[in-house]
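Next comes entry.txt, a file with compact mmCIF, C-alpha atoms.
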```txt
# COMPACT_ATOMS: atom_id res chain seq x y z
CA MET A 10 -14.56 8.14 -32.93
CA THR A 11 -13.86 5.13 -30.73
CA ALA A 12 -16.64 4.25 -28.28
CA PRO A 13 -15.69 4.28 -24.59
CA PRO A 14 -15.04 0.85 -23.09
CA ASP A 15 -17.79 -1.05 -21.30
CA TRP A 16 -17.78 -4.19 -19.17
CA LYS A 17 -17.76 -6.43 -22.24
CA ASP A 18 -14.48 -4.79 -23.26
CA VAL A 19 -13.09 -5.13 -19.74
CA LEU A 20 -13.91 -8.83 -19.55
CA ARG A 21 -12.53 -9.38 -23.05
CA ILE A 22 -9.23 -7.84 -21.98
CA ALA A 23 -9.26 -9.79 -18.71
CA GLY A 24 -9.82 -12.98 -20.69
CA ARG A 25 -6.84 -12.23 -22.92
CA VAL A 26 -4.65 -11.62 -19.87
CA LEU A 27 -5.77 -14.92 -18.34
CA GLU A 28 -4.80 -16.71 -21.57
CA HIS A 29 -1.25 -15.36 -21.24
CA LEU A 30 -0.72 -16.36 -17.61
CA ASP A 31 1.59 -19.19 -16.58
CA TRP A 32 -0.95 -21.41 -14.84
CA ARG A 33 1.60 -24.02 -13.84
CA VAL A 34 3.44 -21.41 -11.78
CA LEU A 35 0.21 -20.00 -10.35
CA GLY A 36 -0.91 -23.49 -9.41
CA ASP A 37 2.30 -23.96 -7.44
CA VAL A 38 1.98 -20.52 -5.82
CA TYR A 39 -1.52 -21.18 -4.53
CA PHE A 40 -1.89 -24.86 -3.89
CA HIS A 41 1.35 -26.82 -4.42
CA TRP A 42 -0.70 -29.84 -5.54
CA GLY A 43 -3.06 -30.05 -8.49
CA GLY A 44 -3.12 -26.28 -8.73
CA GLU A 45 -3.04 -26.05 -12.50
CA ALA A 46 -6.11 -28.29 -12.76
CA PHE A 47 -7.86 -26.26 -10.07
CA TRP A 48 -7.29 -23.04 -12.01
CA SER A 49 -8.52 -24.65 -15.21
CA GLU A 50 -11.88 -25.19 -13.49
CA ARG A 51 -11.93 -21.77 -11.82
CA ARG A 52 -10.96 -19.54 -14.76
CA PRO A 53 -14.54 -19.02 -16.02
CA ARG A 54 -15.55 -18.07 -12.47
CA VAL A 55 -12.76 -15.49 -12.34
CA LEU A 56 -14.38 -13.66 -15.24
CA ASP A 57 -18.01 -14.18 -14.21
CA LEU A 58 -17.71 -13.39 -10.51
CA GLY A 59 -14.93 -10.84 -11.03
CA GLY A 60 -17.18 -8.98 -13.45
CA GLU A 61 -20.09 -9.17 -11.02
CA LEU A 62 -17.99 -7.81 -8.16
CA GLY A 63 -16.48 -5.11 -10.37
CA ARG A 64 -19.87 -3.87 -11.56
CA ARG A 65 -21.10 -3.71 -7.99
CA LEU A 66 -17.96 -1.98 -6.73
CA LEU A 67 -18.06 0.78 -9.34
CA ARG A 68 -21.50 1.75 -8.06
CA GLU A 69 -19.75 2.65 -4.79
CA LEU A 70 -16.73 4.48 -6.19
CA PRO A 71 -16.36 7.86 -7.90
CA PRO A 72 -14.47 8.14 -11.18
CA GLY A 73 -10.93 9.41 -10.93
CA GLY A 74 -10.29 8.29 -7.37
CA SER A 75 -7.68 5.84 -6.10
CA SER A 76 -7.70 2.36 -4.59
CA LEU A 77 -5.30 0.42 -2.42
CA TRP A 78 -5.74 -3.32 -2.84
CA VAL A 79 -4.24 -5.71 -0.29
CA GLY A 80 -3.32 -9.19 -1.46
CA ALA A 81 -4.76 -8.61 -4.94
CA GLY A 82 -4.31 -11.54 -7.31
CA VAL A 83 -5.89 -13.44 -10.16
CA ALA A 84 -9.42 -13.30 -8.73
CA GLU A 85 -9.34 -9.49 -8.51
CA LEU A 86 -7.96 -8.91 -12.01
CA PRO A 87 -11.32 -8.06 -13.71
CA VAL A 88 -12.24 -5.74 -10.84
CA LEU A 89 -8.99 -3.79 -11.07
CA LEU A 90 -9.25 -3.54 -14.85
CA GLY A 91 -12.78 -2.17 -14.48
CA GLU A 92 -11.60 0.51 -12.07
CA VAL A 93 -8.82 1.63 -14.41
CA LEU A 94 -10.61 1.37 -17.76
CA LEU A 95 -14.17 2.41 -16.87
CA HIS A 96 -13.65 4.87 -14.02
CA GLY A 97 -10.17 6.16 -14.82
CA ARG A 98 -9.05 5.33 -11.31
CA SER A 99 -5.53 4.90 -10.00
CA VAL A 100 -4.96 1.43 -8.53
CA VAL A 101 -2.15 0.32 -6.23
CA ALA A 102 -2.35 -3.49 -6.18
CA THR A 103 -0.13 -5.14 -3.58
CA ASN A 104 0.55 -8.82 -3.06
CA LEU A 105 3.27 -10.40 -0.94
CA ARG A 106 3.42 -13.36 -3.33
CA ALA A 107 6.16 -11.97 -5.57
CA GLU A 108 5.89 -14.83 -8.07
CA GLU A 109 2.18 -14.18 -8.59
CA CYS A 110 2.91 -10.49 -9.20
CA ARG A 111 5.54 -11.43 -11.77
CA VAL A 112 3.16 -13.74 -13.63
CA LEU A 113 0.29 -11.25 -13.59
CA ASP A 114 2.49 -8.38 -14.77
CA ALA A 115 3.86 -10.54 -17.59
CA GLY A 116 0.30 -11.35 -18.66
CA LEU A 117 -0.69 -7.69 -18.61
CA ARG A 118 2.34 -6.67 -20.66
CA ALA A 119 1.61 -9.36 -23.23
CA ALA A 120 -2.16 -8.91 -23.53
CA ALA A 121 -2.90 -5.35 -22.40
CA PRO A 122 0.25 -3.18 -22.52
CA GLN A 123 -1.91 -0.06 -22.83
CA VAL A 124 -3.49 -0.57 -19.40
CA ALA A 125 -1.90 1.35 -16.52
CA LEU A 126 -2.01 -1.52 -14.03
CA GLN A 127 0.69 -3.54 -12.36
CA PHE A 128 1.03 -5.67 -9.25
CA SER A 129 3.49 -4.66 -6.55
CA PRO A 130 5.16 -7.35 -4.38
CA GLU A 131 5.20 -5.32 -1.18
CA ASP A 132 3.39 -4.75 2.09
CA ALA A 133 0.32 -2.56 1.55
CA ARG A 134 1.21 -0.59 4.68
CA VAL A 135 4.27 0.91 2.97
CA ALA A 136 3.17 0.90 -0.68
CA ALA A 137 2.82 4.33 -2.29
CA PRO A 138 3.98 6.11 0.88
CA ALA A 139 2.31 9.34 1.99
CA ARG A 140 -0.76 8.60 -0.15
CA THR A 141 -4.29 7.99 1.06
CA PHE A 142 -7.09 6.32 -0.87
CA ASP A 143 -10.86 6.62 -1.16
CA HIS A 144 -11.14 2.85 -1.47
CA LEU A 145 -9.47 -0.06 0.31
CA GLY A 146 -9.80 -3.57 -1.14
CA CYS A 147 -9.02 -6.36 1.32
CA ILE A 148 -10.48 -9.77 0.43
CA SER A 149 -9.53 -13.01 2.20
CA VAL A 150 -6.43 -11.43 3.73
CA PHE A 151 -7.26 -11.83 7.43
CA THR A 152 -8.56 -15.36 6.81
CA ASP A 153 -5.47 -16.60 4.94
CA PRO A 154 -4.49 -19.86 6.70
CA GLU A 155 -0.82 -19.41 5.79
CA SER A 156 -0.60 -16.01 7.51
CA TRP A 157 -3.18 -16.50 10.26
CA PRO A 158 -3.66 -20.24 10.92
CA VAL A 159 -5.54 -19.82 14.19
CA LEU A 160 -7.62 -16.80 13.15
CA SER A 161 -8.52 -18.60 9.93
CA ASP A 162 -9.66 -21.70 11.82
CA VAL A 163 -11.78 -19.56 14.13
CA ALA A 164 -13.29 -17.47 11.31
CA TYR A 165 -14.39 -20.54 9.37
CA GLY A 166 -15.45 -22.59 12.40
CA ARG A 167 -12.85 -25.28 11.77
CA ILE A 168 -11.79 -25.49 15.40
CA ALA A 169 -13.67 -25.95 18.66
CA PRO A 170 -13.07 -23.35 21.40
CA VAL A 171 -11.46 -25.97 23.65
CA GLN A 172 -8.84 -26.64 20.96
CA ILE A 173 -7.68 -23.05 20.52
CA ASP A 174 -4.05 -22.29 21.32
CA VAL A 175 -4.85 -19.17 23.34
CA ASP A 176 -1.36 -17.67 23.30
CA ARG A 177 -1.06 -18.07 19.55
CA PHE A 178 -4.57 -16.71 19.04
CA VAL A 179 -3.78 -13.61 21.10
CA ALA A 180 -0.55 -13.01 19.16
CA GLU A 181 -2.29 -13.36 15.79
CA ARG A 182 -5.16 -11.15 16.89
CA GLN A 183 -2.78 -8.39 17.95
CA ALA A 184 -0.85 -8.58 14.68
CA ALA A 185 -4.11 -8.51 12.71
CA ARG A 186 -5.36 -5.50 14.66
CA GLU A 187 -2.14 -3.65 13.91
CA LEU A 188 -2.50 -4.46 10.20
CA ALA A 189 -6.15 -3.35 10.16
CA ALA A 190 -5.24 -0.11 11.95
CA ALA A 191 -2.46 0.68 9.48
CA LEU A 192 -4.69 -0.01 6.50
CA PHE A 193 -7.65 1.92 7.91
CA ALA A 194 -5.37 4.92 8.50
CA ARG A 195 -4.78 5.10 4.74
CA LEU A 196 -8.49 5.36 3.95
CA GLN A 197 -9.93 8.78 3.17
CA ARG A 198 -13.30 9.80 4.51
CA PRO A 199 -15.73 9.36 3.00
CA GLY A 200 -14.33 6.11 1.74
CA VAL A 201 -15.24 2.53 0.95
CA VAL A 202 -13.82 -0.77 2.14
CA THR A 203 -14.36 -3.88 0.03
CA THR A 204 -13.93 -6.94 2.21
CA SER A 205 -15.35 -10.37 2.98
CA ALA A 206 -18.03 -10.95 5.58
CA GLU A 207 -15.54 -12.86 7.73
CA GLU A 208 -13.12 -9.90 7.79
CA ALA A 209 -15.48 -6.97 8.19
CA ALA A 210 -15.15 -6.99 12.00
CA TRP A 211 -11.48 -5.93 11.78
CA PHE A 212 -12.45 -2.72 9.99
CA LEU A 213 -15.62 -2.15 12.01
CA GLU A 214 -13.46 -2.16 15.14
CA GLN A 215 -11.09 0.42 13.63
CA ALA A 216 -14.00 2.63 12.58
CA GLU A 217 -15.39 2.54 16.09
CA LEU A 218 -12.01 3.45 17.57
CA ALA A 219 -11.75 6.35 15.10
CA GLY A 220 -15.30 7.53 15.80
CA ALA A 221 -16.23 7.02 12.15
CA ALA A 222 -19.75 6.09 11.10
CA VAL A 223 -20.04 2.94 8.99
CA GLU A 224 -22.83 1.67 6.78
CA ALA A 225 -22.57 -1.92 5.57
CA THR A 226 -24.30 -2.82 2.32
CA ASP A 227 -26.76 -5.71 2.35
CA ASP A 228 -25.79 -7.39 -0.91
CA LEU A 229 -22.83 -9.75 -1.13
CA VAL A 230 -20.88 -11.22 -4.05
CA ASP A 231 -19.01 -14.53 -3.86
CA THR A 232 -15.33 -14.62 -4.73
CA ALA A 233 -14.07 -16.85 -7.53
CA VAL A 234 -11.37 -18.75 -5.66
CA VAL A 235 -12.13 -18.99 -1.94
CA GLY A 236 -15.87 -18.44 -2.23
CA ASP A 237 -16.05 -15.92 0.61
CA PRO A 238 -19.02 -13.53 0.32
CA VAL A 239 -17.78 -9.97 -0.25
CA GLY A 240 -19.54 -6.71 0.55
CA PHE A 241 -18.83 -3.03 1.13
CA LEU A 242 -18.41 -0.75 4.14
CA ARG A 243 -19.13 2.94 3.54
CA VAL A 244 -17.04 4.85 6.04
CA GLY A 245 -17.77 8.40 7.25
CA GLY A 246 -18.84 11.43 5.22
CA ALA A 247 -21.70 10.66 2.86
CA ALA A 248 -22.52 7.42 4.64
CA THR A 249 -23.11 9.33 7.89
CA GLU A 250 -25.33 11.82 6.14
CA SER A 251 -27.37 9.17 4.35
CA ALA A 252 -27.78 7.18 7.55
CA SER A 253 -29.15 10.20 9.35
CA GLY A 254 -31.68 10.90 6.65
```

For this file, produce the structure as structure tokens.
Amino acid sequence: MTAPPDWKDVLRIAGRVLEHLDWRVLGDVYFHWGGEAFWSERRPRVLDLGGELGRRLLRELPPGGSSLWVGAGVAELPVLLGEVLLHGRSVVATNLRAEECRVLDAGLRAAAPQVALQFSPEDARVAAPARTFDHLGCISVFTDPESWPVLSDVAYGRIAPVQIDVDRFVAERQAARELAAALFARLQRPGVVTTSAEEAAWFLEQAELAGAAVEATDDLVDTAVVGDPVGFLRVGGAATESASG
């Protein structure tokens, strides 16, 4: 009888997938200059920190549930594999970078064709329509400088208040609020949000508007690429009960 997979198996599979990825293309997708060399340095961190985040996340999630990941890419690969292989969860992984989705899917087909995981090049707001999820993964989405140049500068303290383009900031903030609202609406209660410390406020605001109780975990895990500290928001249901004793 074959033993059930454990994290060593997950990371072994993730490592095989990474070996089959086209790093030249991924370097161009992410950085446009020196990207292949950057990934060469970061690949061990993808496995180490991805495994650390995955282990921590599975402590928050029930087996057999479902996750919606926003902007999932190389850094999240070990986490998604852990959800599927260890908890038997259904994962919808979206990423607007179509070329990254193509490369990741090609790597999965070559190295792990038995794994029910693929990356979808579409907006998470319309992916898997009519479905809701007990987990929402959203890491370094609202701080992406390509999508939100002003919000990103503000979040990371790269700009002084006197330098802020107020009109552009207001427009980006409204668009970000609409995205957060649409994503939060797809979260079941009780549910969990995995997000970076810099982005948590977007979901805390939505929880307050919805009258949902939120408990933020104290421990944080760094991401492999950007380095943002990531934690978990427990929304409604069990979190409310545990908070009240």

List every residue of stretch 146-200 of chain A that has an atom at most 12 Å from any atom of stretch 89-109 of chain A, giving for each one its closest atom pair and the distance in Å to one decimal, counting only C-alpha atoms, sorted by chain and then by ascending residue number, as CSV.
```
residue,atom,partner,partner_atom,distance
A:Gly146,CA,A:Ala102,CA,9.0
A:Cys147,CA,A:Thr103,CA,10.2
A:Ile148,CA,A:Asn104,CA,11.6
A:Val150,CA,A:Asn104,CA,10.1
A:Glu155,CA,A:Arg106,CA,11.7
A:Ser156,CA,A:Leu105,CA,10.9
```

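Closest approach to A:Phe151 among A:Arg167, A:Asp237, A:Asp114, A:Arg177: A:Asp237, based on only C-alpha atoms.
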
Residue neighbourhood A:Glu207, 8 Å, only C-alpha atoms, exclusion window fewer than 3 positions, as a PyMOL selection string
chain A and resi 152+164-165+210+237

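Atom CA of A:Arg64 is found 15.6 Å from atom CA of A:Asp227.
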
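Nearest residue to A:Ala189 among A:Val79, A:Ser49, A:Val171, A:Phe241 is A:Val79, counting all atoms listed in the file.
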
May I have the residues within 6 Å of stretch 118-121 of chain A as a ChimeraX atom specification, using all atoms listed in the file and disregarding those fewer than 2 positions away in the same chain?
/A:25-26,115-116,123-124

Atom CA of A:Asp176 and atom CA of A:Val135, how far apart in Å?
28.1 Å

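Counting from atom CA of A:Ala191, the distance to atom CA of A:Arg134 is 6.2 Å.
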
Taking the point (-14.3, -15.1, -5.1) as given in the file, collect each protein or nucleic acid residue that comes within 9 Å of it, counting only C-alpha atoms, and present the set as an MDAnalysis selection string.
chainID A and resid 54:55 58:59 62 84:85 148:149 230:239

Of the candidates A:Phe128, A:Trp157, A:Trp78, A:Trp32, which shows the shortest atom-to-atom distance to A:Arg51, using all atoms listed in the file?
A:Trp32

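Near A:Leu242, within a cut-off of 10 Å and counting only C-alpha atoms, sit the residues Glu69, His144, Leu145, Gly200, Val201, Val202, Thr203, Thr204, Ala209, Phe212, Leu213, Ala222, Val223, Glu224, Ala225, Thr226, Asp227 and Ala248 of chain A, with same-chain residues fewer than 5 positions away left out.
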
Produce the centre coordinates and the three edge lengths, each in Å to one decimal, of the box along x, y and z that contains all listed atoms of stretch 221-235 of chain A with 4 Å added on each side, as AutoDock Vina command-line options.
```
--center_x -19.1 --center_y -6.0 --center_z 2.3 --size_x 23.4 --size_y 34.0 --size_z 27.7
```

Quick one: residues within 7 Å of A:Val19, only C-alpha atoms, excluding same-chain residues fewer than 3 positions away - as an MDAnalysis selection string?
chainID A and resid 15:16 22:23 87 90:91

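The nearest approach to A:Pro199 among the residues A:Val244, A:Ala184, A:Leu20, A:Ala219, with all atoms listed in the file taken into account, belongs to A:Val244.
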
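Between A:Gly63 and the residues A:Gly240, A:Ala185, A:Asp132, A:Ala137, the shortest atom-to-atom distance, using all atoms listed in the file, involves A:Gly240.
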
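Shortest separation to A:Ala46 among A:Val34, A:Ala139, A:Ala216, A:Val112 occurs at residue A:Val34, atoms counted being only C-alpha atoms.
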